[in-house]
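A.B. asks: What follows is query_27.cif, mmCIF, C-alpha atoms.
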data_query
loop_
_atom_site.group_PDB
_atom_site.id
_atom_site.type_symbol
_atom_site.label_atom_id
_atom_site.label_comp_id
_atom_site.auth_asym_id
_atom_site.auth_seq_id
_atom_site.Cartn_x
_atom_site.Cartn_y
_atom_site.Cartn_z
ATOM 1 C CA MET G 1 -20.371 17.619 2.397
ATOM 2 C CA LYS G 2 -17.624 18.235 -0.170
ATOM 3 C CA ASN G 3 -19.517 21.170 -1.698
ATOM 4 C CA LEU G 4 -20.141 22.593 1.749
ATOM 5 C CA PHE G 5 -16.434 22.377 2.500
ATOM 6 C CA PHE G 6 -15.512 24.206 -0.709
ATOM 7 C CA PHE G 7 -18.170 26.815 0.017
ATOM 8 C CA SER G 8 -16.774 27.310 3.517
ATOM 9 C CA ILE G 9 -13.228 27.626 2.188
ATOM 10 C CA ALA G 10 -14.473 30.166 -0.372
ATOM 11 C CA LEU G 11 -15.965 32.154 2.493
ATOM 12 C CA LEU G 12 -12.675 32.012 4.335
ATOM 13 C CA LEU G 13 -10.774 33.122 1.247
ATOM 14 C CA SER G 14 -13.122 36.035 0.666
ATOM 15 C CA SER G 15 -12.741 36.972 4.303
ATOM 16 C CA ALA G 16 -8.970 36.917 3.921
ATOM 17 C CA ILE G 17 -9.249 39.259 0.937
ATOM 18 C CA PHE G 18 -11.394 41.664 2.936
ATOM 19 C CA ALA G 19 -9.313 41.496 6.118
ATOM 20 C CA GLN G 20 -11.305 44.241 7.832
ATOM 21 C CA ASP G 21 -13.723 41.462 8.835
ATOM 22 C CA ASP G 22 -10.964 39.443 10.519
ATOM 23 C CA ASN G 23 -10.077 39.573 14.190
ATOM 24 C CA HIS G 24 -13.423 40.814 15.439
ATOM 25 C CA LYS G 25 -13.446 41.152 19.235
ATOM 26 C CA ILE G 26 -16.373 40.717 21.594
ATOM 27 C CA MET G 27 -16.679 40.677 25.359
ATOM 28 C CA ASP G 28 -16.752 37.210 26.911
ATOM 29 C CA GLU G 29 -19.523 37.314 29.493
ATOM 30 C CA LYS G 30 -17.970 34.621 31.699
ATOM 31 C CA SER G 31 -14.494 36.141 32.023
ATOM 32 C CA GLY G 32 -15.311 39.786 31.323
ATOM 33 C CA LYS G 33 -12.394 39.859 28.864
ATOM 34 C CA GLU G 34 -12.238 40.408 25.129
ATOM 35 C CA ILE G 35 -12.127 37.354 22.879
ATOM 36 C CA LEU G 36 -11.833 36.943 19.133
ATOM 37 C CA ILE G 37 -14.754 35.652 17.095
ATOM 38 C CA GLY G 38 -15.116 34.730 13.423
ATOM 39 C CA THR G 39 -12.250 34.539 10.957
ATOM 40 C CA ILE G 40 -8.924 35.461 12.474
ATOM 41 C CA THR G 41 -5.267 35.871 11.595
ATOM 42 C CA ARG G 42 -2.069 35.228 13.460
ATOM 43 C CA ASP G 43 -1.821 38.974 14.087
ATOM 44 C CA GLY G 44 -5.188 38.738 15.799
ATOM 45 C CA LEU G 45 -3.895 35.995 18.073
ATOM 46 C CA VAL G 46 -0.783 38.001 18.908
ATOM 47 C CA SER G 47 -2.979 40.998 19.773
ATOM 48 C CA MET G 48 -4.739 39.007 22.513
ATOM 49 C CA GLY G 49 -1.766 39.071 24.889
ATOM 50 C CA ASP G 50 1.539 37.372 25.550
ATOM 51 C CA TRP G 51 0.160 33.825 25.594
ATOM 52 C CA PHE G 52 0.577 33.308 21.838
ATOM 53 C CA ASN G 53 4.246 34.327 21.617
ATOM 54 C CA GLU G 54 5.094 32.572 24.886
ATOM 55 C CA GLY G 55 3.501 29.322 23.708
ATOM 56 C CA TYR G 56 5.073 29.596 20.267
ATOM 57 C CA ASN G 57 8.559 30.214 21.678
ATOM 58 C CA ALA G 58 8.254 27.458 24.297
ATOM 59 C CA SER G 59 7.218 24.817 21.765
ATOM 60 C CA GLN G 60 10.011 22.408 20.802
ATOM 61 C CA PRO G 61 8.723 20.051 18.076
ATOM 62 C CA ASP G 62 10.656 16.846 17.384
ATOM 63 C CA PRO G 63 13.041 17.599 14.473
ATOM 64 C CA VAL G 64 12.896 13.996 13.184
ATOM 65 C CA ILE G 65 9.093 14.134 12.941
ATOM 66 C CA LEU G 66 9.347 17.568 11.292
ATOM 67 C CA ASP G 67 11.609 16.086 8.602
ATOM 68 C CA SER G 68 8.945 13.481 7.852
ATOM 69 C CA LEU G 69 6.168 16.090 7.845
ATOM 70 C CA ARG G 70 8.015 18.127 5.222
ATOM 71 C CA LEU G 71 7.483 15.256 2.774
ATOM 72 C CA TYR G 72 3.709 15.672 3.002
ATOM 73 C CA LYS G 73 3.219 19.439 3.240
ATOM 74 C CA GLU G 74 2.267 19.868 -0.428
ATOM 75 C CA LYS G 75 -0.272 17.036 -0.268
ATOM 76 C CA TYR G 76 -2.439 19.110 2.071
ATOM 77 C CA PRO G 77 -3.546 22.341 0.395
ATOM 78 C CA TYR G 78 -5.590 23.602 3.367
ATOM 79 C CA ILE G 79 -5.628 23.310 7.111
ATOM 80 C CA PHE G 80 -8.621 24.630 9.003
ATOM 81 C CA ILE G 81 -8.311 25.519 12.698
ATOM 82 C CA VAL G 82 -11.251 26.244 14.971
ATOM 83 C CA LEU G 83 -10.228 27.675 18.334
ATOM 84 C CA GLY G 84 -11.340 29.754 21.260
ATOM 85 C CA THR G 85 -9.087 32.550 22.509
ATOM 86 C CA TRP G 86 -10.779 32.032 25.895
ATOM 87 C CA CYS G 87 -9.833 28.320 25.929
ATOM 88 C CA GLY G 88 -6.749 27.024 27.742
ATOM 89 C CA ASP G 89 -6.265 24.144 25.300
ATOM 90 C CA SER G 90 -6.425 26.538 22.337
ATOM 91 C CA ARG G 91 -3.918 28.841 24.001
ATOM 92 C CA GLU G 92 -1.577 25.896 24.489
ATOM 93 C CA GLN G 93 -2.035 23.944 21.251
ATOM 94 C CA VAL G 94 -2.561 26.587 18.546
ATOM 95 C CA PRO G 95 0.790 28.391 18.989
ATOM 96 C CA ALA G 96 2.579 25.013 19.050
ATOM 97 C CA PHE G 97 0.709 23.820 15.942
ATOM 98 C CA LEU G 98 1.514 27.009 14.031
ATOM 99 C CA LYS G 99 5.175 26.656 14.997
ATOM 100 C CA ILE G 100 5.186 23.141 13.530
ATOM 101 C CA LEU G 101 3.720 24.483 10.298
ATOM 102 C CA ASP G 102 6.266 27.310 10.209
ATOM 103 C CA MET G 103 9.135 24.907 10.795
ATOM 104 C CA ILE G 104 8.120 22.640 7.904
ATOM 105 C CA GLY G 105 7.591 25.617 5.602
ATOM 106 C CA TYR G 106 3.832 25.172 5.258
ATOM 107 C CA PRO G 107 2.356 28.259 3.528
ATOM 108 C CA ALA G 108 0.689 30.544 6.086
ATOM 109 C CA GLU G 109 -1.911 31.611 3.521
ATOM 110 C CA GLN G 110 -3.208 28.024 3.416
ATOM 111 C CA VAL G 111 -4.050 27.995 7.119
ATOM 112 C CA PHE G 112 -7.553 29.241 7.891
ATOM 113 C CA MET G 113 -8.548 30.014 11.450
ATOM 114 C CA VAL G 114 -11.913 30.688 12.987
ATOM 115 C CA ALA G 115 -12.421 31.708 16.609
ATOM 116 C CA VAL G 116 -15.574 30.698 18.445
ATOM 117 C CA ASP G 117 -17.252 31.774 21.652
ATOM 118 C CA ARG G 118 -17.994 29.377 24.508
ATOM 119 C CA GLU G 119 -21.126 28.161 22.703
ATOM 120 C CA LYS G 120 -19.036 27.276 19.613
ATOM 121 C CA LYS G 121 -20.534 30.104 17.581
ATOM 122 C CA ALA G 122 -18.265 32.023 15.222
ATOM 123 C CA GLY G 123 -20.227 35.207 14.704
ATOM 124 C CA ASN G 124 -21.090 35.579 11.017
ATOM 125 C CA PHE G 125 -19.127 32.459 10.039
ATOM 126 C CA CYS G 126 -21.034 29.169 10.236
ATOM 127 C CA ILE G 127 -18.965 26.229 11.474
ATOM 128 C CA GLY G 128 -21.947 23.866 11.725
ATOM 129 C CA ASP G 129 -20.828 21.874 8.683
ATOM 130 C CA PHE G 130 -17.565 21.017 10.415
ATOM 131 C CA ASN G 131 -19.128 19.303 13.452
ATOM 132 C CA VAL G 132 -16.815 21.030 15.940
ATOM 133 C CA LYS G 133 -17.657 20.185 19.533
ATOM 134 C CA LEU G 134 -14.329 20.901 21.276
ATOM 135 C CA VAL G 135 -11.597 23.446 20.656
ATOM 136 C CA PRO G 136 -9.091 23.608 19.311
ATOM 137 C CA THR G 137 -9.930 21.403 16.341
ATOM 138 C CA PHE G 138 -7.339 21.092 13.572
ATOM 139 C CA ILE G 139 -8.838 19.747 10.323
ATOM 140 C CA MET G 140 -6.680 18.446 7.470
ATOM 141 C CA THR G 141 -8.098 18.048 3.960
ATOM 142 C CA VAL G 142 -7.109 16.639 0.588
ATOM 143 C CA ASP G 143 -9.134 17.465 -2.524
ATOM 144 C CA GLY G 144 -11.834 19.029 -0.372
ATOM 145 C CA GLU G 145 -12.264 15.914 1.747
ATOM 146 C CA GLU G 146 -11.374 15.750 5.396
ATOM 147 C CA THR G 147 -8.659 13.182 6.046
ATOM 148 C CA GLY G 148 -8.281 13.687 9.771
ATOM 149 C CA ARG G 149 -8.464 16.008 12.704
ATOM 150 C CA ILE G 150 -6.808 16.650 16.005
ATOM 151 C CA ILE G 151 -9.367 17.555 18.636
ATOM 152 C CA GLU G 152 -8.551 19.542 21.772
ATOM 153 C CA THR G 153 -5.273 17.841 22.744
ATOM 154 C CA PRO G 154 -3.102 15.428 20.760
ATOM 155 C CA ALA G 155 -3.119 11.699 21.496
ATOM 156 C CA THR G 156 0.704 11.727 21.518
ATOM 157 C CA THR G 157 2.228 15.026 20.381
ATOM 158 C CA LEU G 158 0.909 17.502 17.828
ATOM 159 C CA GLU G 159 3.628 16.686 15.324
ATOM 160 C CA LYS G 160 3.220 12.899 15.725
ATOM 161 C CA ASP G 161 -0.563 13.111 15.432
ATOM 162 C CA LEU G 162 -0.240 15.360 12.383
ATOM 163 C CA LEU G 163 2.209 12.927 10.753
ATOM 164 C CA ARG G 164 -0.159 10.007 11.438
ATOM 165 C CA ILE G 165 -2.939 11.878 9.628
ATOM 166 C CA VAL G 166 -0.950 13.132 6.635
ATOM 167 C CA ALA G 167 0.845 9.811 6.158
ATOM 168 C CA GLY G 168 -2.512 8.004 6.200
ATOM 169 C CA LYS G 169 -1.630 5.769 9.147
#
Produce structure tokens that represent the structure in this file.
C.D. replies:
Amino acid sequence: MKNLFFFSIALLLSSAIFAQDDNHKIMDEKSGKEILIGTITRDGLVSMGDWFNEGYNASQPDPVILDSLRLYKEKYPYIFIVLGTWCGDSREQVPAFLKILDMIGYPAEQVFMVAVDREKKAGNFCIGDFNVKLVPTFIMTVDGEETGRIIETPATTLEKDLLRIVAGK
């Protein structure tokens, strides 16, 4: 599993280098609207409509929890997010999660995002090794090993759930 994770991260990194492959749009058959699929960037999310900026601006993470999260940000070299731009939970949670990361100064280049369709397929990017059944799924890793994930909606709040994972509680 560890080698598969490193291989997947290498694919994400190569995709980031060749950004022309990012932010691929397809038509969602159910809604008749465009959705993103495969590796994506924040710019890709912003291009999908006002929902990203509105969710980002509306999010008000707990500053006390953010202070604690700052202590752990360098322990986690990569965060992997699987989302669906068609999904209400992704539209709510991903902007809020990215705001948390921005507020603690987590490096944007260490956040890798993949958008899936309703069948949890990511175009040319295989997410099968990550066992993603619901979106969004936020996966935290240390030394190539998964240490925790937040699936769909947080148990408490995004920042509290993230702190629980990174603090090893």
A.B. asks: Just so the selection is clear, what residues does the PyMOL selection byres ((chain G and resi 69-79) around 12) cover here, as an MDAnalysis selection string?
C.D. replies: chainID G and resid 5:6 8:10 12:13 61:68 80:82 97:98 100:114 137:150 158:168
A.B. asks: May I have a table of the residues of range 103-142 of chain G lying at most 9 Å from range 23-31 of chain G, giving each one's closest pair of atoms and their distance in Å to one decimal, counting all atoms listed in the file, ordered by chain and ascending residue number, as a tab-separated table?
C.D. replies:
residue	atom	partner	partner_atom	distance
G:Ala115	CA	G:Asn23	CA	8.6
G:Asp117	CA	G:Asp28	CA	7.6
G:Arg118	CA	G:Asp28	CA	8.3
G:Gly123	CA	G:His24	CA	8.8
A.B. asks: What separation in Å, quoted to one decimal, exists between CA of Pro136 in chain G and CA of Ala96 in chain G?
C.D. replies: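 Separation of CA of Pro136 in chain G and CA of Ala96 in chain G: 11.8 Å.
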A.B. asks: Counting only C-alpha atoms, figure out which residue out of G:Leu134, G:Ile127, G:Ala155, G:Leu45 gets nearest to Asp89 in chain G.
C.D. replies: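 Under the stated criterion, the closest residue is G:Leu134.
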A.B. asks: CA of Asp22 in chain G and CA of Gly38 in chain G, how far apart in Å?
C.D. replies: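 Interatomic distance here is 6.9 Å.
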A.B. asks: What does the structure give for the distance between CA of Ile37 in chain G and CA of Thr156 in chain G, in Å to one decimal?
C.D. replies: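 Between CA of Ile37 in chain G and CA of Thr156 in chain G the gap works out to 28.8 Å.
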A.B. asks: Write out as a list in words the residues lying within 10 Å of Asp43 in chain G, counting only C-alpha atoms and excluding same-chain residues fewer than 3 positions away.
C.D. replies: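 Close residues of Asp43 in chain G: Asp22, Asn23, Ile40, Val46, Ser47, Met48 and Phe52 of chain G.
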A.B. asks: For the provided coordinates, the residues matched by the PyMOL selection byres ((chain G and resi 92) around 10) should be stated as JSON, numbers by chain.
C.D. replies: {"G": [51, 52, 54, 55, 56, 58, 59, 87, 88, 89, 90, 91, 93, 94, 95, 96, 97, 136, 152, 153]}
A.B. asks: Select, from G:Gly84, G:Ile35, G:Phe130, G:Thr157, the residue with the minimum atom-to-atom distance to Val116 in chain G, counting all atoms listed in the file.
C.D. replies: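 Among G:Gly84, G:Ile35, G:Phe130, G:Thr157, it is G:Gly84 that comes nearest to Val116 in chain G.
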A.B. asks: Which residue out of G:Lys99, G:Lys120, G:Lys133, G:Lys33 has the minimum interatomic distance to Ile151 in chain G when only C-alpha atoms are used?
C.D. replies: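 Of G:Lys99, G:Lys120, G:Lys133, G:Lys33, the one nearest Ile151 in chain G is G:Lys133, counting only C-alpha atoms.
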